[in-house]
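**Q** Dropping in input29.cif, which is mmCIF, N, CA and C atoms and all ligand atoms:
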data_start
loop_
_atom_site.label_atom_id
_atom_site.label_comp_id
_atom_site.auth_asym_id
_atom_site.auth_seq_id
_atom_site.Cartn_x
_atom_site.Cartn_y
_atom_site.Cartn_z
N MET Q 1139 -49.24 -172.02 95.20
CA MET Q 1139 -49.52 -170.75 94.54
C MET Q 1139 -50.42 -171.00 93.33
N GLY Q 1140 -51.52 -170.28 93.28
CA GLY Q 1140 -52.44 -170.46 92.16
C GLY Q 1140 -51.86 -169.88 90.88
N ILE Q 1141 -52.44 -170.34 89.77
CA ILE Q 1141 -51.94 -169.89 88.46
C ILE Q 1141 -52.12 -168.38 88.29
N PHE Q 1142 -53.20 -167.87 88.87
CA PHE Q 1142 -53.45 -166.42 88.75
C PHE Q 1142 -52.38 -165.61 89.48
N GLN Q 1143 -52.10 -166.07 90.70
CA GLN Q 1143 -51.10 -165.34 91.52
C GLN Q 1143 -49.72 -165.43 90.88
N MET Q 1144 -49.42 -166.62 90.34
CA MET Q 1144 -48.10 -166.80 89.72
C MET Q 1144 -47.96 -165.90 88.49
N THR Q 1145 -49.02 -165.83 87.69
CA THR Q 1145 -48.98 -164.97 86.50
C THR Q 1145 -48.78 -163.51 86.91
N LYS Q 1146 -49.46 -163.13 87.98
CA LYS Q 1146 -49.33 -161.76 88.48
C LYS Q 1146 -47.88 -161.47 88.88
N THR Q 1147 -47.28 -162.43 89.57
CA THR Q 1147 -45.89 -162.25 90.02
C THR Q 1147 -44.94 -162.16 88.83
N VAL Q 1148 -45.15 -163.04 87.83
CA VAL Q 1148 -44.29 -163.04 86.65
C VAL Q 1148 -44.41 -161.71 85.91
N LEU Q 1149 -45.63 -161.26 85.73
CA LEU Q 1149 -45.84 -160.00 85.00
C LEU Q 1149 -45.24 -158.82 85.75
N ARG Q 1150 -45.37 -158.86 87.07
CA ARG Q 1150 -44.81 -157.77 87.87
C ARG Q 1150 -43.29 -157.74 87.74
N ASN Q 1151 -42.68 -158.91 87.75
CA ASN Q 1151 -41.23 -158.96 87.63
C ASN Q 1151 -40.75 -158.55 86.25
N ILE Q 1152 -41.51 -158.90 85.23
CA ILE Q 1152 -41.13 -158.51 83.86
C ILE Q 1152 -41.23 -156.99 83.73
N ALA Q 1153 -42.29 -156.44 84.26
CA ALA Q 1153 -42.49 -154.99 84.14
C ALA Q 1153 -41.50 -154.21 85.00
N GLY Q 1154 -41.16 -154.78 86.14
CA GLY Q 1154 -40.31 -154.05 87.09
C GLY Q 1154 -38.82 -154.10 86.78
N GLY Q 1155 -38.40 -154.97 85.86
CA GLY Q 1155 -36.99 -155.08 85.55
C GLY Q 1155 -36.24 -155.85 86.63
N PRO Q 1156 -34.93 -156.01 86.47
CA PRO Q 1156 -34.15 -156.80 87.44
C PRO Q 1156 -34.13 -156.15 88.83
N ALA Q 1157 -34.15 -157.00 89.85
CA ALA Q 1157 -34.14 -156.50 91.23
C ALA Q 1157 -32.72 -156.18 91.68
N THR Q 1158 -31.74 -156.63 90.93
CA THR Q 1158 -30.34 -156.41 91.30
C THR Q 1158 -29.73 -155.31 90.44
N ARG Q 1159 -28.57 -154.82 90.89
CA ARG Q 1159 -27.87 -153.78 90.15
C ARG Q 1159 -26.53 -154.31 89.67
N GLN Q 1160 -26.06 -153.75 88.57
CA GLN Q 1160 -24.77 -154.17 88.02
C GLN Q 1160 -23.65 -153.39 88.71
N TYR Q 1161 -23.56 -153.53 90.05
CA TYR Q 1161 -22.51 -152.86 90.80
C TYR Q 1161 -21.18 -153.50 90.46
N PRO Q 1162 -20.09 -152.78 90.28
CA PRO Q 1162 -19.91 -151.34 90.52
C PRO Q 1162 -20.21 -150.44 89.31
N ALA Q 1163 -20.65 -151.04 88.16
CA ALA Q 1163 -20.94 -150.19 87.00
C ALA Q 1163 -22.06 -149.21 87.33
N VAL Q 1164 -23.04 -149.71 88.09
CA VAL Q 1164 -24.13 -148.85 88.54
C VAL Q 1164 -23.92 -148.59 90.03
N PRO Q 1165 -23.94 -147.34 90.46
CA PRO Q 1165 -23.69 -147.06 91.89
C PRO Q 1165 -24.68 -147.79 92.80
N ALA Q 1166 -24.16 -148.23 93.94
CA ALA Q 1166 -25.01 -148.94 94.90
C ALA Q 1166 -25.92 -147.95 95.62
N ARG Q 1167 -27.07 -148.45 96.02
CA ARG Q 1167 -27.95 -147.61 96.83
C ARG Q 1167 -27.43 -147.61 98.26
N THR Q 1168 -27.59 -146.49 98.94
CA THR Q 1168 -27.19 -146.44 100.35
C THR Q 1168 -28.36 -145.92 101.18
N SER Q 1169 -28.31 -146.20 102.46
CA SER Q 1169 -29.31 -145.67 103.39
C SER Q 1169 -28.54 -145.05 104.56
N PRO Q 1170 -29.22 -144.35 105.45
CA PRO Q 1170 -28.49 -143.77 106.59
C PRO Q 1170 -27.77 -144.82 107.44
N LEU Q 1171 -28.16 -146.07 107.34
CA LEU Q 1171 -27.53 -147.12 108.14
C LEU Q 1171 -26.45 -147.88 107.38
N THR Q 1172 -26.19 -147.49 106.15
CA THR Q 1172 -25.20 -148.20 105.35
C THR Q 1172 -23.81 -148.09 105.96
N ARG Q 1173 -23.15 -149.25 106.07
CA ARG Q 1173 -21.75 -149.25 106.51
C ARG Q 1173 -20.90 -149.47 105.26
N GLY Q 1174 -20.31 -148.40 104.78
CA GLY Q 1174 -19.57 -148.48 103.52
C GLY Q 1174 -18.15 -148.94 103.71
N HIS Q 1175 -17.30 -148.05 104.16
CA HIS Q 1175 -15.91 -148.45 104.36
C HIS Q 1175 -15.30 -147.67 105.53
N VAL Q 1176 -14.28 -148.28 106.09
CA VAL Q 1176 -13.59 -147.71 107.26
C VAL Q 1176 -12.65 -146.61 106.81
N VAL Q 1177 -12.67 -145.51 107.57
CA VAL Q 1177 -11.76 -144.39 107.33
C VAL Q 1177 -10.94 -144.19 108.60
N PHE Q 1178 -9.67 -143.98 108.41
CA PHE Q 1178 -8.77 -143.86 109.55
C PHE Q 1178 -8.12 -142.48 109.59
N ASP Q 1179 -8.05 -141.91 110.78
CA ASP Q 1179 -7.40 -140.61 110.96
C ASP Q 1179 -6.13 -140.81 111.80
N PRO Q 1180 -4.96 -140.84 111.16
CA PRO Q 1180 -3.73 -141.11 111.91
C PRO Q 1180 -3.37 -140.03 112.92
N SER Q 1181 -3.89 -138.83 112.74
CA SER Q 1181 -3.47 -137.73 113.63
C SER Q 1181 -4.03 -137.89 115.05
N THR Q 1182 -5.12 -138.64 115.21
CA THR Q 1182 -5.70 -138.78 116.55
C THR Q 1182 -5.46 -140.16 117.16
N CYS Q 1183 -4.91 -141.07 116.37
CA CYS Q 1183 -4.70 -142.44 116.87
C CYS Q 1183 -3.61 -142.46 117.94
N ARG Q 1184 -3.88 -143.20 119.00
CA ARG Q 1184 -2.90 -143.30 120.10
C ARG Q 1184 -2.33 -144.71 120.22
N SER Q 1185 -2.46 -145.46 119.17
CA SER Q 1185 -1.90 -146.81 119.07
C SER Q 1185 -2.21 -147.69 120.28
N CYS Q 1186 -3.44 -147.60 120.74
CA CYS Q 1186 -3.83 -148.40 121.91
C CYS Q 1186 -4.11 -149.85 121.54
N ASN Q 1187 -4.30 -150.13 120.25
CA ASN Q 1187 -4.46 -151.49 119.75
C ASN Q 1187 -5.86 -152.09 119.96
N ILE Q 1188 -6.77 -151.30 120.49
CA ILE Q 1188 -8.11 -151.84 120.78
C ILE Q 1188 -8.81 -152.26 119.48
N CYS Q 1189 -8.72 -151.41 118.46
CA CYS Q 1189 -9.42 -151.73 117.20
C CYS Q 1189 -8.90 -153.04 116.62
N SER Q 1190 -7.62 -153.24 116.70
CA SER Q 1190 -7.02 -154.45 116.16
C SER Q 1190 -7.49 -155.69 116.93
N ARG Q 1191 -7.58 -155.55 118.25
CA ARG Q 1191 -8.03 -156.69 119.06
C ARG Q 1191 -9.51 -156.99 118.83
N LYS Q 1192 -10.30 -155.96 118.60
CA LYS Q 1192 -11.74 -156.15 118.41
C LYS Q 1192 -12.09 -156.68 117.02
N CYS Q 1193 -11.24 -156.43 116.05
CA CYS Q 1193 -11.57 -156.81 114.67
C CYS Q 1193 -11.69 -158.34 114.56
N PRO Q 1194 -12.86 -158.83 114.12
CA PRO Q 1194 -13.04 -160.28 114.04
C PRO Q 1194 -12.33 -160.91 112.84
N CYS Q 1195 -11.82 -160.08 111.95
CA CYS Q 1195 -11.23 -160.60 110.70
C CYS Q 1195 -9.72 -160.39 110.63
N GLU Q 1196 -9.15 -159.89 111.70
CA GLU Q 1196 -7.72 -159.58 111.71
C GLU Q 1196 -7.34 -158.69 110.51
N ALA Q 1197 -8.21 -157.71 110.26
CA ALA Q 1197 -7.96 -156.81 109.12
C ALA Q 1197 -7.05 -155.65 109.50
N ILE Q 1198 -6.97 -155.35 110.80
CA ILE Q 1198 -6.16 -154.21 111.25
C ILE Q 1198 -4.90 -154.72 111.93
N ARG Q 1199 -3.78 -154.12 111.57
CA ARG Q 1199 -2.51 -154.47 112.20
C ARG Q 1199 -1.83 -153.20 112.64
N ILE Q 1200 -1.33 -153.23 113.86
CA ILE Q 1200 -0.64 -152.05 114.40
C ILE Q 1200 0.76 -152.46 114.85
N ASP Q 1201 1.71 -151.68 114.44
CA ASP Q 1201 3.09 -151.89 114.87
C ASP Q 1201 3.53 -150.63 115.59
N LYS Q 1202 3.60 -150.72 116.91
CA LYS Q 1202 3.94 -149.53 117.70
C LYS Q 1202 5.37 -149.09 117.47
N GLU Q 1203 6.25 -150.07 117.30
CA GLU Q 1203 7.66 -149.72 117.09
C GLU Q 1203 7.84 -148.91 115.81
N GLU Q 1204 7.19 -149.41 114.77
CA GLU Q 1204 7.32 -148.75 113.44
C GLU Q 1204 6.32 -147.61 113.26
N LYS Q 1205 5.41 -147.48 114.24
CA LYS Q 1205 4.35 -146.47 114.16
C LYS Q 1205 3.50 -146.66 112.89
N ILE Q 1206 3.05 -147.89 112.74
CA ILE Q 1206 2.26 -148.23 111.55
C ILE Q 1206 0.87 -148.70 111.97
N TRP Q 1207 -0.11 -148.22 111.27
CA TRP Q 1207 -1.49 -148.71 111.40
C TRP Q 1207 -1.92 -149.10 110.00
N GLU Q 1208 -2.34 -150.33 109.82
CA GLU Q 1208 -2.74 -150.71 108.47
C GLU Q 1208 -4.00 -151.56 108.47
N ILE Q 1209 -4.71 -151.46 107.36
CA ILE Q 1209 -5.96 -152.20 107.21
C ILE Q 1209 -5.93 -152.95 105.88
N ASP Q 1210 -6.33 -154.20 105.95
CA ASP Q 1210 -6.43 -155.02 104.74
C ASP Q 1210 -7.87 -154.96 104.27
N ARG Q 1211 -8.10 -154.25 103.19
CA ARG Q 1211 -9.47 -154.06 102.69
C ARG Q 1211 -10.13 -155.36 102.28
N MET Q 1212 -9.34 -156.34 101.91
CA MET Q 1212 -9.95 -157.61 101.49
C MET Q 1212 -10.48 -158.40 102.68
N ARG Q 1213 -9.87 -158.21 103.81
CA ARG Q 1213 -10.33 -158.91 105.01
C ARG Q 1213 -11.53 -158.22 105.66
N CYS Q 1214 -11.56 -156.91 105.55
CA CYS Q 1214 -12.58 -156.12 106.27
C CYS Q 1214 -13.98 -156.44 105.77
N ILE Q 1215 -14.89 -156.71 106.71
CA ILE Q 1215 -16.28 -157.01 106.36
C ILE Q 1215 -17.19 -155.85 106.77
N ALA Q 1216 -16.59 -154.71 107.10
CA ALA Q 1216 -17.35 -153.51 107.46
C ALA Q 1216 -18.35 -153.77 108.60
N CYS Q 1217 -17.90 -154.53 109.59
CA CYS Q 1217 -18.79 -154.84 110.73
C CYS Q 1217 -18.94 -153.63 111.64
N GLY Q 1218 -17.95 -152.76 111.65
CA GLY Q 1218 -18.03 -151.54 112.47
C GLY Q 1218 -17.51 -151.71 113.89
N ASP Q 1219 -17.00 -152.88 114.24
CA ASP Q 1219 -16.51 -153.09 115.61
C ASP Q 1219 -15.35 -152.14 115.95
N CYS Q 1220 -14.48 -151.90 114.98
CA CYS Q 1220 -13.35 -151.01 115.25
C CYS Q 1220 -13.84 -149.58 115.47
N VAL Q 1221 -14.86 -149.20 114.72
CA VAL Q 1221 -15.41 -147.84 114.87
C VAL Q 1221 -16.00 -147.67 116.27
N GLU Q 1222 -16.77 -148.67 116.69
CA GLU Q 1222 -17.40 -148.57 118.01
C GLU Q 1222 -16.39 -148.66 119.14
N SER Q 1223 -15.32 -149.38 118.93
CA SER Q 1223 -14.39 -149.61 120.05
C SER Q 1223 -13.31 -148.55 120.19
N CYS Q 1224 -13.03 -147.79 119.14
CA CYS Q 1224 -11.94 -146.80 119.24
C CYS Q 1224 -12.32 -145.69 120.22
N PRO Q 1225 -11.56 -145.54 121.28
CA PRO Q 1225 -11.92 -144.52 122.28
C PRO Q 1225 -11.60 -143.10 121.84
N PHE Q 1226 -10.89 -142.95 120.74
CA PHE Q 1226 -10.46 -141.61 120.32
C PHE Q 1226 -11.11 -141.16 119.01
N GLY Q 1227 -12.04 -141.94 118.51
CA GLY Q 1227 -12.75 -141.55 117.28
C GLY Q 1227 -11.84 -141.52 116.06
N SER Q 1228 -10.77 -142.29 116.10
CA SER Q 1228 -9.83 -142.27 114.97
C SER Q 1228 -10.32 -143.11 113.80
N VAL Q 1229 -11.24 -144.04 114.07
CA VAL Q 1229 -11.78 -144.87 113.01
C VAL Q 1229 -13.25 -144.52 112.84
N THR Q 1230 -13.61 -144.19 111.63
CA THR Q 1230 -15.01 -143.87 111.34
C THR Q 1230 -15.45 -144.68 110.13
N MET Q 1231 -16.74 -144.62 109.88
CA MET Q 1231 -17.28 -145.38 108.75
C MET Q 1231 -17.93 -144.40 107.78
N GLU Q 1232 -17.54 -144.48 106.53
CA GLU Q 1232 -18.20 -143.65 105.51
C GLU Q 1232 -19.14 -144.52 104.70
N GLN Q 1233 -20.18 -143.90 104.19
CA GLN Q 1233 -21.25 -144.68 103.57
C GLN Q 1233 -20.93 -145.23 102.19
N ASP Q 1234 -20.05 -144.54 101.46
CA ASP Q 1234 -19.77 -145.07 100.13
C ASP Q 1234 -18.88 -146.30 100.23
N TYR Q 1235 -19.10 -147.23 99.33
CA TYR Q 1235 -18.36 -148.49 99.38
C TYR Q 1235 -16.96 -148.33 98.82
N PHE Q 1236 -16.06 -149.08 99.39
CA PHE Q 1236 -14.69 -149.10 98.87
C PHE Q 1236 -14.73 -149.87 97.55
N PRO Q 1237 -13.97 -149.43 96.53
CA PRO Q 1237 -13.97 -150.18 95.26
C PRO Q 1237 -13.61 -151.64 95.49
N PRO Q 1238 -14.25 -152.56 94.79
CA PRO Q 1238 -13.97 -153.99 94.98
C PRO Q 1238 -12.49 -154.30 94.76
N VAL Q 1239 -11.96 -155.21 95.57
CA VAL Q 1239 -10.55 -155.60 95.41
C VAL Q 1239 -10.50 -157.11 95.16
N MET Q 1240 -9.57 -157.52 94.34
CA MET Q 1240 -9.44 -158.93 93.97
C MET Q 1240 -8.28 -159.61 94.70
N GLU Q 1241 -7.48 -158.81 95.37
CA GLU Q 1241 -6.39 -159.38 96.15
C GLU Q 1241 -6.19 -158.51 97.38
N HIS Q 1242 -5.34 -158.96 98.28
CA HIS Q 1242 -5.15 -158.21 99.52
C HIS Q 1242 -4.69 -156.79 99.23
N ALA Q 1243 -5.48 -155.84 99.70
CA ALA Q 1243 -5.17 -154.43 99.46
C ALA Q 1243 -4.91 -153.77 100.81
N VAL Q 1244 -3.65 -153.75 101.20
CA VAL Q 1244 -3.30 -153.22 102.51
C VAL Q 1244 -3.00 -151.73 102.40
N GLU Q 1245 -3.76 -150.95 103.19
CA GLU Q 1245 -3.51 -149.51 103.26
C GLU Q 1245 -2.70 -149.25 104.51
N ARG Q 1246 -1.61 -148.55 104.34
CA ARG Q 1246 -0.72 -148.33 105.48
C ARG Q 1246 -0.66 -146.84 105.82
N TYR Q 1247 -0.72 -146.56 107.12
CA TYR Q 1247 -0.63 -145.18 107.60
C TYR Q 1247 0.48 -145.10 108.63
N THR Q 1248 1.09 -143.93 108.69
CA THR Q 1248 2.07 -143.68 109.74
C THR Q 1248 1.36 -142.93 110.85
N ILE Q 1249 1.44 -143.47 112.04
CA ILE Q 1249 0.76 -142.83 113.16
C ILE Q 1249 1.76 -142.08 114.03
N THR Q 1250 1.25 -141.08 114.70
CA THR Q 1250 2.07 -140.34 115.66
C THR Q 1250 1.57 -140.72 117.03
N TYR Q 1251 2.36 -141.46 117.73
CA TYR Q 1251 1.90 -141.90 119.04
C TYR Q 1251 1.80 -140.73 119.99
N VAL Q 1252 0.61 -140.53 120.50
CA VAL Q 1252 0.38 -139.46 121.46
C VAL Q 1252 0.01 -140.10 122.78
N LYS Q 1253 0.82 -139.87 123.74
CA LYS Q 1253 0.56 -140.47 125.04
C LYS Q 1253 -0.71 -139.87 125.65
N PRO Q 1254 -1.63 -140.71 126.09
CA PRO Q 1254 -2.84 -140.16 126.70
C PRO Q 1254 -2.52 -139.30 127.91
N GLU Q 1255 -3.24 -138.21 128.02
CA GLU Q 1255 -3.00 -137.32 129.17
C GLU Q 1255 -3.50 -137.98 130.44
N LYS Q 1256 -2.73 -137.78 131.49
CA LYS Q 1256 -3.16 -138.33 132.77
C LYS Q 1256 -4.26 -137.45 133.33
N PRO Q 1257 -5.24 -138.07 133.99
CA PRO Q 1257 -6.28 -137.22 134.60
C PRO Q 1257 -5.69 -136.33 135.68
N ALA Q 1258 -6.24 -135.13 135.78
CA ALA Q 1258 -5.73 -134.17 136.77
C ALA Q 1258 -5.89 -134.73 138.18
N LYS Q 1259 -4.86 -134.51 138.98
CA LYS Q 1259 -4.92 -135.03 140.36
C LYS Q 1259 -5.89 -134.20 141.18
N LYS Q 1260 -6.62 -134.89 142.04
CA LYS Q 1260 -7.53 -134.17 142.92
C LYS Q 1260 -6.71 -133.48 144.00
N PRO Q 1261 -7.08 -132.24 144.35
CA PRO Q 1261 -6.34 -131.56 145.43
C PRO Q 1261 -6.52 -132.31 146.75
N VAL Q 1262 -5.41 -132.46 147.46
CA VAL Q 1262 -5.47 -133.18 148.75
C VAL Q 1262 -6.14 -132.27 149.78
N GLU Q 1263 -7.19 -132.82 150.39
CA GLU Q 1263 -7.88 -132.02 151.41
C GLU Q 1263 -7.08 -132.03 152.71
N GLU Q 1264 -6.92 -130.84 153.27
CA GLU Q 1264 -6.14 -130.75 154.51
C GLU Q 1264 -6.93 -131.32 155.67
N ASP Q 1265 -6.22 -132.07 156.49
CA ASP Q 1265 -6.85 -132.66 157.67
C ASP Q 1265 -6.91 -131.59 158.77
N THR Q 1266 -8.09 -131.11 159.09
CA THR Q 1266 -8.23 -130.05 160.09
C THR Q 1266 -8.22 -130.61 161.51
N GLY Q 1267 -8.30 -131.95 161.58
CA GLY Q 1267 -8.28 -132.56 162.91
C GLY Q 1267 -9.59 -132.45 163.65
N ALA Q 1268 -10.62 -131.96 162.99
CA ALA Q 1268 -11.91 -131.80 163.67
C ALA Q 1268 -12.66 -133.11 163.76
S1 LIG Q 1301 -7.50 -146.43 115.81
FE1 LIG Q 1301 -8.36 -146.03 117.83
S2 LIG Q 1301 -8.54 -148.05 118.80
FE2 LIG Q 1301 -7.18 -148.26 117.03
S3 LIG Q 1301 -5.13 -148.02 117.88
FE3 LIG Q 1301 -5.79 -146.01 117.14
S4 LIG Q 1301 -6.69 -145.03 118.94
FE4 LIG Q 1301 -6.57 -147.21 119.41
S1 LIG Q 1302 -15.04 -152.85 110.16
FE1 LIG Q 1302 -14.94 -154.82 111.25
S2 LIG Q 1302 -13.81 -156.15 109.88
FE2 LIG Q 1302 -13.45 -154.07 109.16
S3 LIG Q 1302 -11.54 -153.47 110.15
FE3 LIG Q 1302 -13.22 -152.76 111.46
S4 LIG Q 1302 -13.52 -154.42 112.95
FE4 LIG Q 1302 -12.31 -155.25 111.26
#
If you convert what's in this file into structure tokens, what do you get?
**A**
Amino acid sequence: MGIFQMTKTVLRNIAGGPATRQYPAVPARTSPLTRGHVVFDPSTCRSCNICSRKCPCEAIRIDKEEKIWEIDRMRCIACGDCVESCPFGSVTMEQDYFPPVMEHAVERYTITYVKPEKPAKKPVEEDTGA
């Protein structure tokens, strides 16, 4: 890098201020693709356990007996696998970031197990013998 180019870069950085933000004191920037934090809707969850199996960080734990769905915010890396895998749309992603946590922050929800409806049976076609 030539001296001229380096001087230009230094001056640009001085004039432009820091490239980083003092988050969380200063709100983080978001874009339409930002994956902020996982939101769970217990009313639609059917405790199928798919989100828990898909989570690469073991952040989600489901106890069917106790009807508990819980997420450890410290483990969650906001990868979105649980959101994509939930067949009932019970897990969604909101763009704002969850406040930073310094220790395991387990959020616990009580779920109402709703048995999935069976698909309607097809009417049996009568054998006309033709
Ligand atoms: S959140 Fe979705 S994937 Fe996870 S147990 Fe409930 S219904 Fe199944
Ligand atoms: S966003 Fe990723 S890491 Fe977080 S709970 Fe869902 S699957 Fe696990």
**Q** Using only C-alpha atoms, pick whichever of Q:Ile1209, Q:Ile1200, Q:Leu1171, Q:Cys1214 has the shortest atom-to-atom distance to Q:Asp1234.
**A** Q:Leu1171
**Q** Write as a CSV table (one decimal) with N, CA and C atoms, keeping the file's coordinate frame the residues around ligand LIG 1302 (chain Q), taking 12 Å as the cut-off and counting only C-alpha atoms and all ligand atoms.
**A**
chain,number,residue,atom,x,y,z
Q,1173,ARG,N,-23.2,-149.2,106.1
Q,1173,ARG,CA,-21.8,-149.2,106.5
Q,1173,ARG,C,-20.9,-149.5,105.3
Q,1174,GLY,N,-20.3,-148.4,104.8
Q,1174,GLY,CA,-19.6,-148.5,103.5
Q,1174,GLY,C,-18.2,-148.9,103.7
Q,1175,HIS,N,-17.3,-148.0,104.2
Q,1175,HIS,CA,-15.9,-148.4,104.4
Q,1175,HIS,C,-15.3,-147.7,105.5
Q,1176,VAL,N,-14.3,-148.3,106.1
Q,1176,VAL,CA,-13.6,-147.7,107.3
Q,1176,VAL,C,-12.6,-146.6,106.8
Q,1177,VAL,N,-12.7,-145.5,107.6
Q,1177,VAL,CA,-11.8,-144.4,107.3
Q,1177,VAL,C,-10.9,-144.2,108.6
Q,1178,PHE,N,-9.7,-144.0,108.4
Q,1178,PHE,CA,-8.8,-143.9,109.6
Q,1178,PHE,C,-8.1,-142.5,109.6
Q,1187,ASN,N,-4.3,-150.1,120.2
Q,1187,ASN,CA,-4.5,-151.5,119.8
Q,1187,ASN,C,-5.9,-152.1,120.0
Q,1188,ILE,N,-6.8,-151.3,120.5
Q,1188,ILE,CA,-8.1,-151.8,120.8
Q,1188,ILE,C,-8.8,-152.3,119.5
Q,1189,CYS,N,-8.7,-151.4,118.5
Q,1189,CYS,CA,-9.4,-151.7,117.2
Q,1189,CYS,C,-8.9,-153.0,116.6
Q,1190,SER,N,-7.6,-153.2,116.7
Q,1190,SER,CA,-7.0,-154.4,116.2
Q,1190,SER,C,-7.5,-155.7,116.9
Q,1191,ARG,N,-7.6,-155.6,118.2
Q,1191,ARG,CA,-8.0,-156.7,119.1
Q,1191,ARG,C,-9.5,-157.0,118.8
Q,1192,LYS,N,-10.3,-156.0,118.6
Q,1192,LYS,CA,-11.7,-156.2,118.4
Q,1192,LYS,C,-12.1,-156.7,117.0
Q,1193,CYS,N,-11.2,-156.4,116.0
Q,1193,CYS,CA,-11.6,-156.8,114.7
Q,1193,CYS,C,-11.7,-158.3,114.6
Q,1194,PRO,N,-12.9,-158.8,114.1
Q,1194,PRO,CA,-13.0,-160.3,114.0
Q,1194,PRO,C,-12.3,-160.9,112.8
Q,1195,CYS,N,-11.8,-160.1,112.0
Q,1195,CYS,CA,-11.2,-160.6,110.7
Q,1195,CYS,C,-9.7,-160.4,110.6
Q,1196,GLU,N,-9.2,-159.9,111.7
Q,1196,GLU,CA,-7.7,-159.6,111.7
Q,1196,GLU,C,-7.3,-158.7,110.5
Q,1197,ALA,N,-8.2,-157.7,110.3
Q,1197,ALA,CA,-8.0,-156.8,109.1
Q,1197,ALA,C,-7.0,-155.6,109.5
Q,1198,ILE,N,-7.0,-155.4,110.8
Q,1198,ILE,CA,-6.2,-154.2,111.2
Q,1198,ILE,C,-4.9,-154.7,111.9
Q,1199,ARG,N,-3.8,-154.1,111.6
Q,1199,ARG,CA,-2.5,-154.5,112.2
Q,1199,ARG,C,-1.8,-153.2,112.6
Q,1200,ILE,N,-1.3,-153.2,113.9
Q,1200,ILE,CA,-0.6,-152.0,114.4
Q,1200,ILE,C,0.8,-152.5,114.8
Q,1207,TRP,N,-0.1,-148.2,111.3
Q,1207,TRP,CA,-1.5,-148.7,111.4
Q,1207,TRP,C,-1.9,-149.1,110.0
Q,1208,GLU,N,-2.3,-150.3,109.8
Q,1208,GLU,CA,-2.7,-150.7,108.5
Q,1208,GLU,C,-4.0,-151.6,108.5
Q,1209,ILE,N,-4.7,-151.5,107.4
Q,1209,ILE,CA,-6.0,-152.2,107.2
Q,1209,ILE,C,-5.9,-153.0,105.9
Q,1210,ASP,N,-6.3,-154.2,106.0
Q,1210,ASP,CA,-6.4,-155.0,104.7
Q,1210,ASP,C,-7.9,-155.0,104.3
Q,1211,ARG,N,-8.1,-154.2,103.2
Q,1211,ARG,CA,-9.5,-154.1,102.7
Q,1211,ARG,C,-10.1,-155.4,102.3
Q,1212,MET,N,-9.3,-156.3,101.9
Q,1212,MET,CA,-10.0,-157.6,101.5
Q,1212,MET,C,-10.5,-158.4,102.7
Q,1213,ARG,N,-9.9,-158.2,103.8
Q,1213,ARG,CA,-10.3,-158.9,105.0
Q,1213,ARG,C,-11.5,-158.2,105.7
Q,1214,CYS,N,-11.6,-156.9,105.6
Q,1214,CYS,CA,-12.6,-156.1,106.3
Q,1214,CYS,C,-14.0,-156.4,105.8
Q,1215,ILE,N,-14.9,-156.7,106.7
Q,1215,ILE,CA,-16.3,-157.0,106.4
Q,1215,ILE,C,-17.2,-155.8,106.8
Q,1216,ALA,N,-16.6,-154.7,107.1
Q,1216,ALA,CA,-17.4,-153.5,107.5
Q,1216,ALA,C,-18.4,-153.8,108.6
Q,1217,CYS,N,-17.9,-154.5,109.6
Q,1217,CYS,CA,-18.8,-154.8,110.7
Q,1217,CYS,C,-18.9,-153.6,111.6
Q,1218,GLY,N,-18.0,-152.8,111.6
Q,1218,GLY,CA,-18.0,-151.5,112.5
Q,1218,GLY,C,-17.5,-151.7,113.9
Q,1219,ASP,N,-17.0,-152.9,114.2
Q,1219,ASP,CA,-16.5,-153.1,115.6
Q,1219,ASP,C,-15.4,-152.1,116.0
Q,1220,CYS,N,-14.5,-151.9,115.0
Q,1220,CYS,CA,-13.4,-151.0,115.2
Q,1220,CYS,C,-13.8,-149.6,115.5
Q,1221,VAL,N,-14.9,-149.2,114.7
Q,1221,VAL,CA,-15.4,-147.8,114.9
Q,1221,VAL,C,-16.0,-147.7,116.3
Q,1222,GLU,N,-16.8,-148.7,116.7
Q,1222,GLU,CA,-17.4,-148.6,118.0
Q,1222,GLU,C,-16.4,-148.7,119.1
Q,1223,SER,N,-15.3,-149.4,118.9
Q,1223,SER,CA,-14.4,-149.6,120.0
Q,1223,SER,C,-13.3,-148.6,120.2
Q,1224,CYS,N,-13.0,-147.8,119.1
Q,1224,CYS,CA,-11.9,-146.8,119.2
Q,1224,CYS,C,-12.3,-145.7,120.2
Q,1228,SER,N,-10.8,-142.3,116.1
Q,1228,SER,CA,-9.8,-142.3,115.0
Q,1228,SER,C,-10.3,-143.1,113.8
Q,1229,VAL,N,-11.2,-144.0,114.1
Q,1229,VAL,CA,-11.8,-144.9,113.0
Q,1229,VAL,C,-13.2,-144.5,112.8
Q,1230,THR,N,-13.6,-144.2,111.6
Q,1230,THR,CA,-15.0,-143.9,111.3
Q,1230,THR,C,-15.4,-144.7,110.1
Q,1231,MET,N,-16.7,-144.6,109.9
Q,1231,MET,CA,-17.3,-145.4,108.8
Q,1231,MET,C,-17.9,-144.4,107.8
Q,1232,GLU,N,-17.5,-144.5,106.5
Q,1232,GLU,CA,-18.2,-143.6,105.5
Q,1232,GLU,C,-19.1,-144.5,104.7
Q,1236,PHE,N,-16.1,-149.1,99.4
Q,1236,PHE,CA,-14.7,-149.1,98.9
Q,1236,PHE,C,-14.7,-149.9,97.6
Q,1244,VAL,N,-3.6,-153.8,101.2
Q,1244,VAL,CA,-3.3,-153.2,102.5
Q,1244,VAL,C,-3.0,-151.7,102.4
Q,1245,GLU,N,-3.8,-151.0,103.2
Q,1245,GLU,CA,-3.5,-149.5,103.3
Q,1245,GLU,C,-2.7,-149.2,104.5
**Q** As a list in words, please: every residue in chain Q that DSSP puts in strand (DSSP E or B).
**A**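 Residues meeting the strand (DSSP E or B) criterion: His1175, Val1176, Val1177, Phe1178, Ile1198, Arg1199, Ile1200, Asp1201, Ile1206, Trp1207, Glu1208, Ile1209, Asp1210, Val1229, Thr1230, Met1231, Glu1232, Val1244, Glu1245, Arg1246, Tyr1247 and Thr1248 of chain Q.
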**Q** One number please: atom CA of Q:Thr1172 to atom C of Q:Arg1159, in Å, one decimal.
**A**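 For atom CA of Q:Thr1172 relative to atom C of Q:Arg1159, the distance reads 16.9 Å.
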